[in-house]
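Next comes structure38.cif, with mmCIF, C-alpha atoms.
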```cif
data_query
loop_
_atom_site.label_atom_id
_atom_site.label_comp_id
_atom_site.auth_asym_id
_atom_site.auth_seq_id
_atom_site.Cartn_x
_atom_site.Cartn_y
_atom_site.Cartn_z
CA MET K 39 19.06 -4.42 -11.76
CA THR K 40 22.12 -4.53 -9.55
CA LEU K 41 23.01 -7.34 -7.21
CA VAL K 42 22.16 -5.11 -4.26
CA ASN K 43 18.69 -4.46 -5.60
CA GLY K 44 18.32 -8.13 -6.51
CA ARG K 45 18.95 -9.01 -2.88
CA LEU K 46 16.52 -6.32 -1.83
CA TRP K 47 13.73 -8.05 -3.69
CA MET K 48 14.27 -11.12 -1.52
CA ARG K 49 15.17 -9.47 1.80
CA LEU K 50 13.07 -6.72 3.25
CA GLY K 51 14.43 -7.04 6.78
CA SER K 52 13.14 -8.30 10.11
CA ARG K 53 11.07 -5.15 10.72
CA PHE K 54 9.02 -5.90 7.62
CA GLY K 55 8.94 -9.54 8.71
CA TRP K 56 7.16 -8.64 11.95
CA LEU K 57 4.66 -6.44 10.09
CA TRP K 58 4.04 -9.26 7.61
CA ALA K 59 3.61 -11.79 10.41
CA ALA K 60 1.14 -9.50 12.18
CA TYR K 61 -0.84 -9.13 8.98
CA ALA K 62 -0.77 -12.89 8.36
CA VAL K 63 -2.13 -13.85 11.76
CA SER K 64 -4.92 -11.26 11.66
CA ALA K 65 -5.85 -12.28 8.10
CA ALA K 66 -6.00 -15.92 9.20
CA GLY K 67 -8.30 -15.03 12.09
CA THR K 68 -10.54 -12.89 9.90
CA TRP K 69 -11.07 -15.61 7.31
CA LEU K 70 -11.41 -18.30 9.97
CA ALA K 71 -14.38 -16.32 11.30
CA PHE K 72 -15.76 -15.62 7.82
CA ASP K 73 -19.56 -15.11 8.04
CA ALA K 74 -19.43 -15.83 11.79
CA PHE K 75 -21.69 -12.85 12.59
CA ALA K 76 -24.29 -13.98 10.05
CA LEU K 77 -24.19 -17.50 11.49
CA ILE K 78 -24.57 -16.18 15.04
CA ALA K 79 -27.52 -14.07 13.94
CA LEU K 80 -29.15 -17.07 12.25
CA LEU K 81 -28.27 -19.93 14.58
CA VAL K 82 -28.04 -18.24 17.98
CA LEU K 83 -30.33 -15.21 17.74
CA HIS K 84 -32.72 -16.72 15.14
CA ALA K 85 -32.69 -13.52 13.10
CA GLY K 86 -34.53 -13.23 9.81
CA PRO K 87 -33.13 -12.54 6.31
CA ALA K 88 -33.68 -8.78 6.63
CA GLN K 89 -31.64 -8.60 9.82
CA VAL K 90 -28.83 -10.67 8.31
CA ALA K 91 -28.75 -8.39 5.27
CA LEU K 92 -28.67 -5.35 7.56
CA LEU K 93 -25.77 -6.85 9.49
CA ALA K 94 -23.82 -7.52 6.29
CA SER K 95 -24.31 -4.07 4.76
CA ALA K 96 -25.01 -1.47 7.44
CA GLY K 97 -22.18 -2.47 9.77
CA PRO K 98 -19.34 -1.97 7.24
CA ALA K 99 -21.01 1.09 5.70
CA VAL K 100 -21.45 2.92 9.01
CA GLY K 101 -17.98 1.82 10.07
CA ALA K 102 -16.58 3.42 6.92
CA VAL K 103 -18.32 6.70 7.75
CA LEU K 104 -16.95 6.58 11.29
CA ALA K 105 -13.44 6.09 9.88
CA VAL K 106 -13.53 9.27 7.75
CA PRO K 107 -12.10 11.65 10.41
CA LEU K 108 -9.46 9.12 11.45
CA GLY K 109 -7.36 9.64 8.30
CA PRO K 110 -6.43 13.26 9.09
CA TRP K 111 -6.11 12.37 12.78
CA MET K 112 -3.45 9.72 12.18
CA GLU K 113 -1.55 11.50 9.38
CA PHE K 114 1.09 13.16 11.57
CA ARG K 115 1.15 10.53 14.31
CA ARG K 116 3.41 7.54 14.62
CA LYS K 117 1.70 4.69 12.81
CA ARG K 118 2.71 1.71 14.94
CA PRO K 119 0.81 2.92 18.05
CA VAL K 120 -2.22 3.58 15.83
CA MET K 121 -2.06 0.04 14.43
CA ILE K 122 -1.69 -1.46 17.90
CA MET K 123 -4.65 0.60 19.11
CA ALA K 124 -6.77 -0.57 16.15
CA ASP K 125 -5.85 -4.20 16.87
CA LEU K 126 -6.71 -3.89 20.56
CA VAL K 127 -10.03 -2.19 19.76
CA ARG K 128 -10.93 -5.02 17.40
CA CYS K 129 -9.87 -7.60 19.96
CA ALA K 130 -11.93 -6.03 22.76
CA ALA K 131 -15.01 -5.50 20.58
CA LEU K 132 -14.99 -9.08 19.32
CA LEU K 133 -14.37 -10.58 22.77
CA ALA K 134 -17.52 -8.82 23.97
CA VAL K 135 -19.55 -11.14 21.72
CA PRO K 136 -18.60 -14.50 23.34
CA ALA K 137 -18.67 -12.81 26.76
CA ALA K 138 -22.25 -11.61 26.21
CA HIS K 139 -23.24 -15.01 24.83
CA PHE K 140 -21.80 -16.75 27.89
CA LEU K 141 -23.78 -14.39 30.15
CA GLY K 142 -26.94 -14.89 28.12
CA VAL K 143 -27.33 -11.22 27.14
CA LEU K 144 -26.16 -11.25 23.51
CA GLY K 145 -28.51 -9.37 21.20
CA PHE K 146 -28.70 -8.34 17.56
CA GLY K 147 -28.01 -4.72 18.42
CA GLN K 148 -24.68 -5.66 19.99
CA LEU K 149 -23.68 -7.65 16.88
CA LEU K 150 -24.49 -4.64 14.71
CA LEU K 151 -22.54 -2.27 16.95
CA VAL K 152 -19.51 -4.57 17.06
CA SER K 153 -19.53 -4.92 13.28
CA MET K 154 -19.45 -1.10 12.96
CA VAL K 155 -16.59 -0.72 15.44
CA VAL K 156 -14.56 -3.49 13.82
CA ALA K 157 -15.14 -2.03 10.34
CA ALA K 158 -13.91 1.41 11.47
CA ALA K 159 -10.86 -0.15 13.15
CA ASP K 160 -10.17 -2.23 10.02
CA LEU K 161 -10.03 0.90 7.87
CA THR K 162 -7.86 2.69 10.43
CA PHE K 163 -5.40 -0.19 10.56
CA THR K 164 -5.28 -0.45 6.75
CA ALA K 165 -4.47 3.24 6.29
CA ALA K 166 -1.88 3.30 9.09
CA SER K 167 -0.17 0.10 7.96
CA GLY K 168 0.06 1.33 4.36
CA ALA K 169 1.63 4.60 5.47
CA HIS K 170 4.04 2.73 7.75
CA LEU K 171 4.97 0.30 5.00
CA LYS K 172 6.12 3.18 2.80
CA SER K 173 8.50 4.35 5.53
CA LEU K 174 9.59 0.83 6.48
CA VAL K 175 10.48 -0.58 3.05
CA PRO K 176 12.77 0.99 0.43
CA ARG K 177 11.04 2.07 -2.76
CA ALA K 178 12.61 -0.81 -4.71
CA GLY K 179 11.00 -3.31 -2.35
CA LEU K 180 7.44 -1.92 -2.27
CA LEU K 181 6.08 -4.22 -4.97
CA THR K 182 7.67 -7.24 -3.33
CA ALA K 183 6.09 -6.26 -0.01
CA THR K 184 2.62 -5.67 -1.47
CA SER K 185 2.86 -8.97 -3.40
CA ARG K 186 3.62 -10.82 -0.18
CA PHE K 187 0.62 -9.26 1.52
CA GLU K 188 -1.55 -10.25 -1.44
CA SER K 189 -0.26 -13.85 -1.35
CA THR K 190 -1.02 -13.98 2.36
CA THR K 191 -4.55 -12.71 1.80
CA TRP K 192 -5.32 -15.39 -0.76
CA THR K 193 -3.72 -18.13 1.34
CA ALA K 194 -5.98 -17.15 4.24
CA THR K 195 -8.95 -16.98 1.86
CA VAL K 196 -8.31 -20.52 0.64
CA LEU K 197 -7.69 -22.12 4.04
CA GLY K 198 -9.71 -19.98 6.46
CA PRO K 199 -13.37 -20.60 5.49
CA PRO K 200 -13.09 -24.44 5.33
CA LEU K 201 -11.28 -24.55 8.68
CA GLY K 202 -13.72 -22.03 10.09
CA GLY K 203 -16.65 -24.08 8.84
CA ALA K 204 -15.26 -27.14 10.57
CA ALA K 205 -14.74 -25.14 13.78
CA VAL K 206 -18.31 -23.83 13.60
CA GLY K 207 -19.58 -27.38 13.21
CA LEU K 208 -17.59 -28.59 16.22
CA PHE K 209 -17.71 -25.62 18.58
CA GLY K 210 -20.23 -23.12 17.22
CA PRO K 211 -19.77 -19.71 15.56
CA VAL K 212 -19.10 -17.85 18.81
CA VAL K 213 -15.80 -19.73 19.24
CA THR K 214 -14.52 -18.56 15.84
CA VAL K 215 -15.23 -14.97 16.87
CA ALA K 216 -13.07 -15.52 19.97
CA ALA K 217 -10.32 -16.97 17.77
CA ASN K 218 -10.51 -13.90 15.54
CA ALA K 219 -10.18 -11.65 18.59
CA LEU K 220 -7.08 -13.59 19.65
CA SER K 221 -5.57 -13.10 16.19
CA PHE K 222 -5.79 -9.31 16.60
CA LEU K 223 -4.10 -9.54 19.99
CA LEU K 224 -1.26 -11.53 18.41
CA SER K 225 -1.11 -8.97 15.59
CA ALA K 226 -0.69 -6.18 18.14
CA LEU K 227 2.15 -8.11 19.80
CA GLY K 228 3.82 -8.62 16.42
CA ILE K 229 3.68 -4.90 15.63
CA ARG K 230 4.99 -4.15 19.11
CA ALA K 231 7.99 -6.38 18.33
CA ILE K 232 9.08 -4.25 15.35
CA LYS K 233 12.49 -2.91 16.30
CA GLY K 234 13.70 0.62 15.81
CA THR K 235 12.37 4.01 16.75
CA GLU K 236 9.54 5.35 14.67
CA THR K 237 9.66 9.11 14.37
CA ALA K 238 6.44 11.08 14.03
CA PRO K 239 5.98 12.59 10.53
CA GLU K 240 6.89 16.26 10.35
CA ARG K 241 4.11 18.77 9.99
CA LEU K 242 4.23 21.40 7.31
CA PRO K 243 5.53 24.78 8.55
CA ARG K 244 2.10 26.43 8.27
CA ASP K 245 0.06 23.43 9.39
CA PRO K 246 -2.25 24.43 12.28
CA GLY K 247 -1.18 21.41 14.35
CA ARG K 248 -4.65 19.89 14.60
CA PRO K 249 -7.06 18.33 12.09
CA ARG K 250 -9.30 20.80 10.27
CA ALA K 251 -12.64 20.19 8.62
CA ALA K 252 -11.00 20.67 5.21
CA ASP K 253 -8.57 17.82 5.99
CA LEU K 254 -11.44 15.33 5.89
CA LEU K 255 -11.57 15.68 2.10
CA ASP K 256 -7.84 15.99 1.47
CA GLY K 257 -7.40 12.32 0.57
CA TRP K 258 -10.18 12.52 -2.00
CA ARG K 259 -8.72 15.77 -3.39
CA HIS K 260 -5.42 14.06 -4.00
CA LEU K 261 -7.03 11.03 -5.64
CA LEU K 262 -9.36 13.02 -7.87
CA THR K 263 -6.78 15.62 -8.97
CA SER K 264 -3.97 13.14 -9.66
CA PRO K 265 -3.97 12.23 -13.39
CA GLU K 266 -2.29 8.93 -12.53
CA LEU K 267 -4.40 7.84 -9.55
CA ARG K 268 -7.82 9.17 -10.54
CA PRO K 269 -8.60 6.52 -13.21
CA LEU K 270 -7.28 3.74 -10.98
CA PHE K 271 -9.34 4.98 -8.04
CA LEU K 272 -12.63 5.38 -9.89
CA ASN K 273 -12.15 2.11 -11.76
CA THR K 274 -11.38 0.17 -8.58
CA VAL K 275 -14.39 1.52 -6.69
CA LEU K 276 -16.75 0.66 -9.55
CA VAL K 277 -15.24 -2.73 -10.44
CA ASN K 278 -15.03 -3.95 -6.85
CA GLY K 279 -18.60 -2.83 -6.18
CA LEU K 280 -20.02 -4.52 -9.29
CA ILE K 281 -18.14 -7.76 -8.65
CA MET K 282 -19.41 -7.95 -5.08
CA ALA K 283 -22.93 -6.92 -6.16
CA GLN K 284 -23.13 -10.11 -8.21
CA ALA K 285 -22.52 -12.33 -5.18
CA PRO K 286 -25.97 -12.29 -3.49
CA PRO K 287 -27.97 -12.85 -6.73
CA LEU K 288 -25.56 -15.62 -7.71
CA ALA K 289 -25.98 -17.28 -4.32
CA VAL K 290 -29.77 -17.09 -4.65
CA LEU K 291 -29.62 -18.54 -8.17
CA MET K 292 -27.22 -21.38 -7.41
CA LEU K 293 -28.65 -22.42 -4.03
CA GLY K 294 -32.25 -21.92 -5.12
CA PRO K 295 -33.51 -22.66 -8.65
CA LEU K 296 -30.31 -24.41 -9.81
CA GLY K 297 -30.23 -26.72 -6.78
CA PHE K 298 -26.53 -26.60 -5.87
CA ALA K 299 -25.66 -28.05 -2.47
CA PRO K 300 -23.99 -25.66 0.00
CA TRP K 301 -20.72 -27.61 -0.14
CA SER K 302 -20.55 -27.38 -3.94
CA TYR K 303 -21.38 -23.68 -3.80
CA GLY K 304 -18.52 -23.15 -1.33
CA LEU K 305 -16.19 -25.24 -3.48
CA ALA K 306 -17.01 -23.12 -6.52
CA PHE K 307 -15.48 -20.08 -4.82
CA ALA K 308 -12.79 -21.66 -2.62
CA VAL K 309 -10.77 -23.46 -5.31
CA PRO K 310 -10.45 -20.42 -7.65
CA CYS K 311 -8.80 -18.49 -4.81
CA LEU K 312 -5.64 -20.41 -5.73
CA GLY K 313 -5.55 -18.08 -8.72
CA GLY K 314 -4.97 -15.20 -6.31
CA LEU K 315 -1.82 -16.95 -5.08
CA LEU K 316 -0.65 -17.43 -8.65
CA GLY K 317 -1.42 -13.85 -9.64
CA SER K 318 0.34 -12.33 -6.64
CA ARG K 319 3.44 -14.41 -7.40
CA LEU K 320 3.40 -13.25 -11.02
CA ALA K 321 2.87 -9.55 -10.26
CA ARG K 322 6.50 -8.60 -9.61
CA PRO K 323 8.15 -10.49 -12.51
CA LEU K 324 5.47 -9.25 -14.92
CA ALA K 325 5.96 -5.66 -13.76
CA ALA K 326 9.73 -6.00 -14.08
CA ARG K 327 9.45 -7.31 -17.64
CA TYR K 328 6.61 -5.24 -19.08
CA GLY K 329 6.38 -2.22 -16.77
CA ARG K 330 3.83 -1.45 -14.11
CA ARG K 331 1.50 0.63 -16.25
CA ARG K 332 1.15 -2.04 -18.92
CA VAL K 333 0.53 -4.70 -16.25
CA LEU K 334 -2.08 -2.50 -14.55
CA LEU K 335 -3.81 -1.81 -17.86
CA THR K 336 -3.84 -5.45 -19.01
CA SER K 337 -4.78 -7.09 -15.71
CA GLY K 338 -7.23 -4.30 -14.87
CA VAL K 339 -9.12 -4.73 -18.14
CA LEU K 340 -9.01 -8.53 -18.03
CA ARG K 341 -10.38 -8.77 -14.50
CA ALA K 342 -13.56 -7.05 -15.69
CA CYS K 343 -14.09 -9.34 -18.69
CA TRP K 344 -15.00 -12.59 -16.96
CA PRO K 345 -17.97 -11.96 -14.59
CA VAL K 346 -20.52 -11.59 -17.41
CA GLY K 347 -20.08 -15.34 -17.97
CA LEU K 348 -21.71 -16.05 -14.59
CA ALA K 349 -25.08 -15.21 -16.12
CA LEU K 350 -24.78 -18.43 -18.16
CA VAL K 351 -24.51 -20.77 -15.17
CA ARG K 352 -26.55 -23.97 -15.45
CA PRO K 353 -27.35 -26.81 -13.04
CA GLY K 354 -25.00 -29.67 -12.32
CA VAL K 355 -21.31 -30.22 -13.04
CA PRO K 356 -21.17 -28.00 -16.17
CA GLY K 357 -22.48 -25.05 -14.18
CA LEU K 358 -20.06 -25.71 -11.34
CA VAL K 359 -17.14 -25.88 -13.78
CA LEU K 360 -18.26 -22.65 -15.45
CA VAL K 361 -18.40 -20.74 -12.16
CA MET K 362 -15.00 -22.09 -11.08
CA ALA K 363 -13.41 -21.19 -14.43
CA VAL K 364 -14.83 -17.65 -14.41
CA GLU K 365 -13.80 -17.06 -10.81
CA LEU K 366 -10.33 -18.51 -11.41
CA CYS K 367 -9.67 -16.13 -14.32
CA LEU K 368 -11.10 -13.17 -12.41
CA ILE K 369 -9.16 -13.83 -9.21
CA THR K 370 -5.88 -14.51 -11.04
CA CYS K 371 -6.13 -11.16 -12.84
CA ALA K 372 -7.05 -9.44 -9.57
CA GLY K 373 -4.09 -11.12 -7.87
CA VAL K 374 -1.78 -9.49 -10.42
CA PHE K 375 -3.54 -6.11 -10.40
CA THR K 376 -3.89 -5.49 -6.66
CA PRO K 377 -0.24 -5.55 -5.45
CA VAL K 378 0.94 -3.51 -8.44
CA LEU K 379 -1.83 -1.00 -7.74
CA ALA K 380 -0.89 -0.85 -4.04
CA ALA K 381 2.77 -0.13 -4.84
CA GLU K 382 1.87 2.46 -7.49
CA ARG K 383 -0.56 4.18 -5.12
CA LEU K 384 2.08 4.52 -2.39
CA GLU K 385 4.68 5.89 -4.81
CA ARG K 386 2.25 8.40 -6.33
CA THR K 387 1.20 9.81 -2.95
CA PRO K 388 3.21 12.47 -1.05
CA ASP K 389 4.58 11.29 2.27
CA ASP K 390 2.47 13.79 4.22
CA ARG K 391 -0.78 12.57 2.68
CA VAL K 392 -0.50 8.77 2.66
CA ALA K 393 -2.81 8.01 5.60
CA ARG K 394 -5.54 10.37 4.37
CA THR K 395 -5.32 8.99 0.84
CA LEU K 396 -5.45 5.34 1.89
CA SER K 397 -8.31 6.10 4.27
CA ALA K 398 -10.27 7.86 1.52
CA TRP K 399 -9.63 4.97 -0.86
CA SER K 400 -10.81 2.35 1.66
CA VAL K 401 -13.88 4.32 2.73
CA SER K 402 -14.89 4.84 -0.91
CA THR K 403 -14.54 1.17 -1.86
CA LYS K 404 -16.44 0.02 1.24
CA THR K 405 -19.34 2.43 0.81
CA GLY K 406 -19.43 1.94 -2.96
CA THR K 407 -19.63 -1.82 -2.54
CA ALA K 408 -22.36 -1.53 0.08
CA ALA K 409 -24.42 0.81 -2.10
CA LEU K 410 -24.11 -1.30 -5.26
CA THR K 411 -24.84 -4.51 -3.37
CA ALA K 412 -28.04 -3.02 -1.97
CA LEU K 413 -29.03 -1.65 -5.39
CA TRP K 414 -28.43 -5.00 -7.08
CA GLY K 415 -30.50 -6.71 -4.43
CA VAL K 416 -33.44 -4.54 -5.46
CA LEU K 417 -32.69 -5.18 -9.15
CA ALA K 418 -32.60 -8.94 -8.57
CA ALA K 419 -35.94 -8.78 -6.76
CA LEU K 420 -37.52 -6.89 -9.67
CA THR K 421 -35.97 -8.68 -12.65
CA GLY K 422 -34.63 -11.98 -11.31
CA PRO K 423 -31.11 -12.96 -10.20
CA ARG K 424 -29.84 -13.98 -13.64
CA THR K 425 -30.74 -10.61 -15.15
CA ALA K 426 -29.05 -8.79 -12.27
CA ILE K 427 -25.90 -10.88 -12.71
CA ALA K 428 -25.85 -10.17 -16.45
CA ALA K 429 -26.39 -6.42 -15.90
CA ALA K 430 -23.41 -6.24 -13.53
CA GLY K 431 -21.27 -8.19 -16.00
CA VAL K 432 -22.14 -5.86 -18.88
CA LEU K 433 -21.38 -2.77 -16.78
CA LEU K 434 -18.06 -4.32 -15.79
CA LEU K 435 -17.15 -4.60 -19.47
CA ALA K 436 -17.90 -0.88 -19.80
CA THR K 437 -15.31 -0.01 -17.12
CA ALA K 438 -12.36 -0.92 -19.36
CA PRO K 439 -12.09 2.52 -21.06
CA MET K 440 -11.55 4.11 -17.64
CA LEU K 441 -7.99 2.73 -17.71
CA ARG K 442 -7.07 3.91 -21.20
CA SER K 443 -4.90 6.74 -19.79
CA LEU K 444 -2.49 4.10 -18.44
CA ALA K 445 -1.36 3.42 -21.99
CA THR K 446 0.15 6.91 -22.32
CA GLY K 447 0.84 7.96 -18.73
CA ARG K 448 4.17 8.87 -17.22
CA PRO K 449 6.35 6.17 -15.64
CA SER K 450 6.34 5.83 -11.87
CA PRO K 451 8.41 8.51 -10.12
CA ALA K 452 11.45 7.63 -8.08
CA SER K 453 9.72 9.27 -5.15
CA VAL K 454 7.00 11.78 -4.42
CA PRO K 455 8.06 14.53 -2.03
CA PRO K 456 5.78 15.95 0.65
CA SER K 457 3.34 18.52 -0.59
CA PRO K 458 4.67 22.09 -0.42
CA ALA K 459 4.21 24.24 2.65
CA GLY K 460 1.28 26.56 2.84
CA PRO K 461 -2.24 26.25 1.60
CA PRO K 462 -2.85 23.86 -1.31
CA PRO K 463 -3.34 25.29 -4.77
CA THR K 464 -6.85 25.82 -6.06
CA ARG K 465 -8.18 22.55 -7.53
#
```

Encoded form using structure tokens:
Amino acid sequence: MTLVNGRLWMRLGSRFGWLWAAYAVSAAGTWLAFDAFALIALLVLHAGPAQVALLASAGPAVGAVLAVPLGPWMEFRRKRPVMIMADLVRCAALLAVPAAHFLGVLGFGQLLLVSMVVAAADLTFTAASGAHLKSLVPRAGLLTATSRFESTTWTATVLGPPLGGAAVGLFGPVVTVAANALSFLLSALGIRAIKGTETAPERLPRDPGRPRAADLLDGWRHLLTSPELRPLFLNTVLVNGLIMAQAPPLAVLMLGPLGFAPWSYGLAFAVPCLGGLLGSRLARPLAARYGRRRVLLTSGVLRACWPVGLALVRPGVPGLVLVMAVELCLITCAGVFTPVLAAERLERTPDDRVARTLSAWSVSTKTGTAALTALWGVLAALTGPRTAIAAAGVLLLATAPMLRSLATGRPSPASVPPSPAGPPPTR
């Protein structure tokens, strides 16, 4: 690698710096308010377990459905105004919660509606920011950029919930929602500060100039017909869903029959998040030494190997150590896998299809996780939490063959041009 490229790894410019800062402040606010809606439902509205479960699953799932038409809508628009709009929508929706609480009119229906709006805006922001990142950062710096975002995510994950818990104890959960709203306002200001003129992406010569019904599925068409992205896409949807599906049965098992205190349960998942920081720092040097495809294959397979061990959790310190060790290994592997995947996904996607592809990816992972979480809740009720945890772990082991094509696939292209003019080929 030349000296110029070596400097590029370290310097991505002030424009990327503002985007990174905006992401950092919004991530901090999100994790500071972690589980704030559930706490408001329980402590302020005195909701029951069924309502809390509905809030946790239905809000993101419906928000994902609402976000489906937004991918084609934003594809040929400038991305910075879309991101600012998504931030302001999230800010306004969240501020409505403390305002309604102050006026004494806050209800469960409003919490559910706000969670849907915020989920849709989250997906819109994610797709727009990914598309903008590809135009903002040179190809040689994409992995560095995605690694920095991943490090920021895990830093916020480590620090946010404990600080948020302390804030909830001192001021109540409604205050953390207001702080989260403020973080999105600051994020919008950071994106606004990005210098330079952003030009709107060019439409194809025969594009009709407005979204069509067929465009709603275009992101999925690209993902499912790409030999390189299809196994990564299907594997990620299934692995993420199964990992998250284990969480509720594990919480029931640890906080119920095994008798773990809430603080020890929180500690079991907070400390291993340091592995995400380590993994995200290792992603770029590992990819440079061994190649992206080998790193994706190895870290992708390894991240699915550990969760089956959670079925062996026992009471006391040995059980706590087991959970922390399993989560540390899992999160470290995920910390390596995720930024390399993000860079590979951007490079494998034509410039005129990035927003639709990222939107389809996010919608699929959100809805897949919601569906598997609900299904595993039923399984845990029928068979017991330990059996449900073990079943998810065994199925995770079975996902490894989905990545076998990475061992023989083509290296990453220098760039992927826009798709050709005219109607797409039959697929």

- Query: With distances taken over only C-alpha atoms, which of K:Ala99, K:Gly354, K:Leu77, K:Leu141 is nearest to K:Gly207?
  - Reply: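 Distance minimum relative to K:Gly207 lands on K:Leu77.
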
Let me know the residues the PyMOL selection byres ((chain K and resi 312-319) around 8) catches in the file above, as an mmCIF file with C-alpha atoms, in the frame of the given file.
```
data_model
loop_
_atom_site.group_PDB
_atom_site.id
_atom_site.type_symbol
_atom_site.label_atom_id
_atom_site.label_comp_id
_atom_site.auth_asym_id
_atom_site.auth_seq_id
_atom_site.Cartn_x
_atom_site.Cartn_y
_atom_site.Cartn_z
ATOM 1 C CA SER K 185 2.860 -8.970 -3.400
ATOM 2 C CA ARG K 186 3.620 -10.820 -0.180
ATOM 3 C CA GLU K 188 -1.550 -10.250 -1.440
ATOM 4 C CA SER K 189 -0.260 -13.850 -1.350
ATOM 5 C CA TRP K 192 -5.320 -15.390 -0.760
ATOM 6 C CA THR K 193 -3.720 -18.130 1.340
ATOM 7 C CA VAL K 196 -8.310 -20.520 0.640
ATOM 8 C CA ALA K 308 -12.790 -21.660 -2.620
ATOM 9 C CA VAL K 309 -10.770 -23.460 -5.310
ATOM 10 C CA PRO K 310 -10.450 -20.420 -7.650
ATOM 11 C CA CYS K 311 -8.800 -18.490 -4.810
ATOM 12 C CA LEU K 320 3.400 -13.250 -11.020
ATOM 13 C CA ALA K 321 2.870 -9.550 -10.260
ATOM 14 C CA ARG K 322 6.500 -8.600 -9.610
ATOM 15 C CA PRO K 323 8.150 -10.490 -12.510
ATOM 16 C CA LEU K 366 -10.330 -18.510 -11.410
ATOM 17 C CA CYS K 367 -9.670 -16.130 -14.320
ATOM 18 C CA ILE K 369 -9.160 -13.830 -9.210
ATOM 19 C CA THR K 370 -5.880 -14.510 -11.040
ATOM 20 C CA CYS K 371 -6.130 -11.160 -12.840
ATOM 21 C CA ALA K 372 -7.050 -9.440 -9.570
ATOM 22 C CA GLY K 373 -4.090 -11.120 -7.870
ATOM 23 C CA VAL K 374 -1.780 -9.490 -10.420
ATOM 24 C CA PRO K 377 -0.240 -5.550 -5.450
#
```

- Message: Measuring between all atoms listed in the file, which one of K:Val416, K:Val277, K:Leu396, K:Leu384 shows the shortest distance to K:Ala436?
- Response: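 Among K:Val416, K:Val277, K:Leu396, K:Leu384, it is K:Val277 that comes nearest to K:Ala436.
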
- Item | Interatomic distance, atom CA of K:Leu180 to atom CA of K:Gly234 (Å, one decimal) |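 One can read the atom CA of K:Leu180 to atom CA of K:Gly234 distance as 19.3 Å.
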
- Would you work out the distance separating atom CA of K:Pro199 from atom CA of K:Trp69, expressed in Å to one decimal?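 Atom CA of K:Trp69 lies at a distance of 5.8 Å from atom CA of K:Pro199.
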
- Task: In Å, rounded to a single decimal, give me how far atom CA of K:Ala349 is from atom CA of K:Ala418.
- Result: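 Between these atoms lies a distance of 12.4 Å.
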
Exactly which residues make up the result of the PyMOL selection byres ((chain K and resi 223-225) around 12) on this file, given as a compact mmCIF listing (two decimals) with C-alpha atoms, in the frame of the given file?
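Generated file (selection.txt):
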```txt
# COMPACT_ATOMS: atom_id res chain seq x y z
CA TRP K 56 7.16 -8.64 11.95
CA LEU K 57 4.66 -6.44 10.09
CA TRP K 58 4.04 -9.26 7.61
CA ALA K 59 3.61 -11.79 10.41
CA ALA K 60 1.14 -9.50 12.18
CA TYR K 61 -0.84 -9.13 8.98
CA ALA K 62 -0.77 -12.89 8.36
CA VAL K 63 -2.13 -13.85 11.76
CA SER K 64 -4.92 -11.26 11.66
CA ALA K 65 -5.85 -12.28 8.10
CA ALA K 66 -6.00 -15.92 9.20
CA GLY K 67 -8.30 -15.03 12.09
CA THR K 68 -10.54 -12.89 9.90
CA ARG K 118 2.71 1.71 14.94
CA MET K 121 -2.06 0.04 14.43
CA ILE K 122 -1.69 -1.46 17.90
CA MET K 123 -4.65 0.60 19.11
CA ALA K 124 -6.77 -0.57 16.15
CA ASP K 125 -5.85 -4.20 16.87
CA LEU K 126 -6.71 -3.89 20.56
CA VAL K 127 -10.03 -2.19 19.76
CA ARG K 128 -10.93 -5.02 17.40
CA CYS K 129 -9.87 -7.60 19.96
CA ALA K 130 -11.93 -6.03 22.76
CA ALA K 131 -15.01 -5.50 20.58
CA LEU K 132 -14.99 -9.08 19.32
CA LEU K 133 -14.37 -10.58 22.77
CA PHE K 163 -5.40 -0.19 10.56
CA SER K 167 -0.17 0.10 7.96
CA ALA K 216 -13.07 -15.52 19.97
CA ALA K 217 -10.32 -16.97 17.77
CA ASN K 218 -10.51 -13.90 15.54
CA ALA K 219 -10.18 -11.65 18.59
CA LEU K 220 -7.08 -13.59 19.65
CA SER K 221 -5.57 -13.10 16.19
CA PHE K 222 -5.79 -9.31 16.60
CA ALA K 226 -0.69 -6.18 18.14
CA LEU K 227 2.15 -8.11 19.80
CA GLY K 228 3.82 -8.62 16.42
CA ILE K 229 3.68 -4.90 15.63
CA ARG K 230 4.99 -4.15 19.11
CA ALA K 231 7.99 -6.38 18.33
CA ILE K 232 9.08 -4.25 15.35
```

- Find the residue from K:Val275, K:Leu161, K:Ala169, K:Leu435 that sits nearest to K:Ser397; use only C-alpha atoms when measuring.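 Checking each of K:Val275, K:Leu161, K:Ala169, K:Leu435 against K:Ser397, counting only C-alpha atoms, the winner is K:Leu161.
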
- Message: the PyMOL selection byres ((chain K and resi 259-269) around 10) - which residues does that actually catch in the file I just gave you? List them as a PyMOL selection string.
- Response: chain K and resi 253-258+270-274+331+379+382-383+386-388+391-392+394-396+398-399+439-444+447-450+465

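Distance annotation: of K:Ser402, K:Thr190, K:Thr437, K:Ser302, the residue with the minimal separation from K:Leu358 is K:Ser302; atom set is only C-alpha atoms.
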
- Among the residues K:Gly55, K:Pro300, K:Gly142, K:Gly109, the one that comes closest to K:Gly203 [using only C-alpha atoms]: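 Checking each candidate against K:Gly203, we get K:Pro300 as the closest.
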
- Distance criterion (all atoms listed in the file): nearest to K:Pro98 out of K:Gln148, K:Ser400, K:Thr182, K:Thr376: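 Ranked by minimum distance to K:Pro98, first place goes to K:Ser400.
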